[in-house]
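Report on the following structure.
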Amino acid sequence: MFRKKNDLRTPMELFGSTPGFIDILVVVVLCMAAFIFFDQKYDMYVTANQSSDLLDLIFSGKILSFYTYVNFGAAYNIVLYFTLAIWELPVYIINHILPLSNYDVVLELWARFLSIILFCICGYQMTKLSEILMSDKNKAKWAGYYFISSPLITYCVIIRNQLDIIPVLLTILALKKYFNKKYFVFCILMAIASCFKLMPFFIVVPLLCLAEKKIGKLVQYILLSFSLYTVTNFIPLLTDPGYGLIQSSIMNSEAFAPYIFKIVIPGGVSNTSVFLLLYFLICVIAYIAKPKENDFQIYVFLLGFASLSSFFLFIKWHPQWMVLLLPFITMLVFSLFDFEFGILLDIALTLGFLVTSILNHLTDMVFKYSIFYTITKGQYSPINSFNPIYSYFVDHKYTDIIPSTLFFAGIISLLLVAVWNNRSRSITFSNSFDNDYKIVRGLLYTRSALILIVILPPLISYLSHPI
């Protein structure tokens, strides 16, 4: 009824050569279930209210005392708080005009919506990135769908309720600039991403080594990529006494540096950090590599994936960080000749990750802060066994070694298969992303449904105990 004349667009089909209505519905239903039944509220609640405090300080002219002013220790980079403060500004203004009785709760929900909106934008930008690399535009759309339908993004963004989707979006945008050889903009975007999480910096160095062979310019680019993180840590250290106290507290409990040296190779005089050794070798390989033009694209994703994977393999990780791997997993799977086998490898690593995270990071507060529990907590008994999978492993004296091994075996296998795949590529294909593929919806739905091993056990355990 509202179509313009000569509009050639066709309505979305249930199934088709591109993601259809049912495909999108599967993602929406799973994401809605995760949103309703889970909410790791505490981190986002505190961070959202600290960002509101930042707005108070901005309007009162006391911005340089932010870390001293906040009630709870503000552990993140100031760039994150500025970003969230800008997003919260409408709610902040409304609260000053018509005071909200549950202002802090509204802030947390508003911040949670930001993650979901950025989740959707990431899917769109992933499609646009794929269009740069793939001549088949339908395949590019499937790559975007593959990204948003991953259980990794549902778990890390919606269930864990974190803002790690921001550096993911910045990384995707930066890669678009990188493939257009706009390395200055690439470095700026990655510099911003590194302020949210430091891991994007580990992607920057090997990719710059691959693209820029002049040492002087390479060093300039690397320094540019690290500049914003340095400045935004150095200025608060000089101007805000609270910042130094918070950093000292973090160093005593959750210091990042010691984990870099956690896994070492014993030496005669001293030990060698396995992660730093591998990362150095990856950077050297990137620098000496001179791939042909049609091989350059796959090298980018292989090196980026190898850098992040070595970090997660040998450094203590938080589960929400894993979403940073997703753009690289997506592109590597779509580079394989045997697309179905690539999905199976992705399923293996995702299953291993989810079970490992269930055993190590899933607590009852993730369920008890949820919308569903808040509405129904008077109708059912408090959860006696919130995490049945964990209880099963404990009762049978199983460890998390098996799922953890499956996770990293999937990562290493995907990397090795992608390397072998590129070496065996037919000359009839212009690059690794122009190979033939066949969409098997059953495999895609199975992969998406893996998130149910997180959602269903606590839900069933809770509903089976009515009052």
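We label chains A, B, ... in the order they appear in the structure tokens, count residues from 1 in each chain, and number ligands from 1 in the order shown.
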DSSP says alpha helix (DSSP H) for which residues of range 142-333 of chain A? Put them as a VMD selection string? chain A and resid 142 to 148 151 to 153 165 to 179 183 to 196 199 to 211 215 to 239 241 to 253 257 to 260 274 to 288 296 to 314 326 to 333
Contacts of Cys187 in chain A within 8 Å, only C-alpha atoms, excl. fewer than 2 positions in-chain, as a VMD selection string: chain A and resid 174 183 to 185 189 to 191 204 221 to 222 224 to 225
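Distances from A:Leu456, A:Ile411, A:Met365, A:Leu332 to Ala348 in chain A were compared using only C-alpha atoms, and the smallest one belongs to A:Ile411.
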Write out as a PyMOL selection string all residues of range 178-426 of chain A that backbone DSSP assigns to strand (DSSP E). chain A and resi 264-265+272-273
I need the residues from that last selection saved to file as a compact mmCIF listing (two decimals), in the first residue's frame (with N, CA and C atoms), if you can.
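Saved as selection.txt:
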```txt
# COMPACT_ATOMS: atom_id res chain seq x y z
N VAL A 264 54.17 -20.15 31.06
CA VAL A 264 55.56 -19.88 30.67
C VAL A 264 56.27 -21.17 30.30
N ILE A 265 57.36 -21.00 29.54
CA ILE A 265 58.26 -22.11 29.24
C ILE A 265 59.48 -21.95 30.15
N THR A 272 59.93 -17.95 29.84
CA THR A 272 59.46 -17.26 28.64
C THR A 272 57.95 -17.31 28.58
N SER A 273 57.32 -16.15 28.43
CA SER A 273 55.86 -16.09 28.30
C SER A 273 55.44 -16.71 26.97
```
Neighbours of Val70 in chain A within 7 Å (only C-alpha atoms; same-chain residues fewer than 3 positions away dropped), as a ChimeraX atom specification? /A:50,53,66-67,73-74
I'd like to know which of A:Lys137, A:Arg160, A:Lys181, A:Lys128 is closest to Phe38 in chain A, using only C-alpha atoms.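 That would be A:Arg160, the residue with the smallest distance to Phe38 in chain A.
As for CA of Gln125 in chain A and CA of Phe147 in chain A, they are spaced 10.3 Å apart.
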Give the answer as one residue: which of A:Asn387, A:Ser413, A:Ser248, A:Asn77 has the shortest atom-to-atom distance to Ser309 in chain A, using only C-alpha atoms?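 Smallest separation from Ser309 in chain A among the options: A:Ser413.
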Judged by only C-alpha atoms, the minimum distance to Asp346 in chain A among A:Ala409, A:Leu459, A:Ile159, A:Ile63 is found for A:Ala409
Near range 289-291 of chain A, counting only C-alpha atoms, which residues have an atom at most 12 Å away, once you skip same-chain residues fewer than 4 positions from it, shown as a list in words?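 Residues near the query, excluding close chain neighbours: Pro206, Leu207, Leu208, Cys209, Leu210, Ala211, Glu212, Lys213, Leu281, Ile282, Cys283, Val284, Ile285, Asp295, Phe296, Gln297, Ile298, Tyr299, Val300, Leu303, Asn422, Arg423 and Asn431 of chain A.
The nearest approach to Ile117 in chain A among the residues A:Asn435, A:His96, A:Val440, A:Leu163, with only C-alpha atoms taken into account, belongs to A:Leu163.
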I want to know what sits within 12 Å of Leu313 in chain A, based on only C-alpha atoms, with residues of the same chain fewer than 3 positions away left out; could you give that as a list of chain:residue names? A:Tyr259, A:Ile260, A:Lys262, A:Ile263, A:Val274, A:Phe275, A:Leu276, A:Leu278, A:Tyr279, A:Phe305, A:Ala306, A:Ser307, A:Leu308, A:Ser309, A:Ser310, A:Lys316, A:Trp317, A:His318, A:Met322, A:Phe353, A:Ser404, A:Thr405, A:Leu406, A:Phe407, A:Phe408, A:Ala409, A:Gly410, A:Ile411, A:Ile412
Output for the residues just chosen: C-alpha atoms as a short mmCIF file (atom, residue, chain, number, x, y, z; two decimals), in the first residue's frame:
```cif
data_model
loop_
_atom_site.label_atom_id
_atom_site.label_comp_id
_atom_site.auth_asym_id
_atom_site.auth_seq_id
_atom_site.Cartn_x
_atom_site.Cartn_y
_atom_site.Cartn_z
CA TYR A 259 48.09 -13.17 33.34
CA ILE A 260 50.34 -12.45 30.35
CA LYS A 262 50.84 -17.06 33.64
CA ILE A 263 51.80 -19.73 31.08
CA VAL A 274 54.13 -18.39 25.82
CA PHE A 275 51.63 -15.73 24.77
CA LEU A 276 54.26 -13.03 24.15
CA LEU A 278 53.54 -16.57 19.99
CA TYR A 279 52.38 -12.99 19.50
CA PHE A 305 42.14 -14.59 14.51
CA ALA A 306 45.51 -16.12 15.45
CA SER A 307 46.43 -13.08 17.57
CA LEU A 308 43.18 -13.01 19.54
CA SER A 309 43.05 -16.81 19.85
CA SER A 310 46.54 -16.99 21.34
CA LYS A 316 42.68 -15.59 31.80
CA TRP A 317 39.54 -14.45 29.99
CA HIS A 318 36.10 -13.18 30.87
CA MET A 322 34.80 -13.82 23.29
CA PHE A 353 32.95 -22.16 25.20
CA SER A 404 37.72 -26.12 27.48
CA THR A 405 39.75 -28.44 25.27
CA LEU A 406 36.86 -28.65 22.80
CA PHE A 407 36.70 -24.84 22.70
CA PHE A 408 40.36 -24.38 21.88
CA ALA A 409 40.54 -27.45 19.64
CA GLY A 410 37.74 -25.88 17.59
CA ILE A 411 39.64 -22.59 17.37
CA ILE A 412 42.93 -24.20 16.32
#
```
Using only C-alpha atoms, which residue out of A:Ser227, A:Asn180, A:Asn294, A:Ser150 lies closest to Ile347 in chain A? A:Ser150
If you count only C-alpha atoms, which residues fall within 9 Å of range 394-402 of chain A, apart from same-chain ones fewer than 5 positions away, as a ChimeraX atom specification? /A:352,355-356,359-360,389,407
Do you know which residues are at most 12 Å from Ser52 in chain A counting only C-alpha atoms, after dropping those on the same chain fewer than 2 positions away, and could you put them as a PyMOL selection string? chain A and resi 45-50+54-59+66+69-71+81-93+95-96+103-104+106-108+110-111
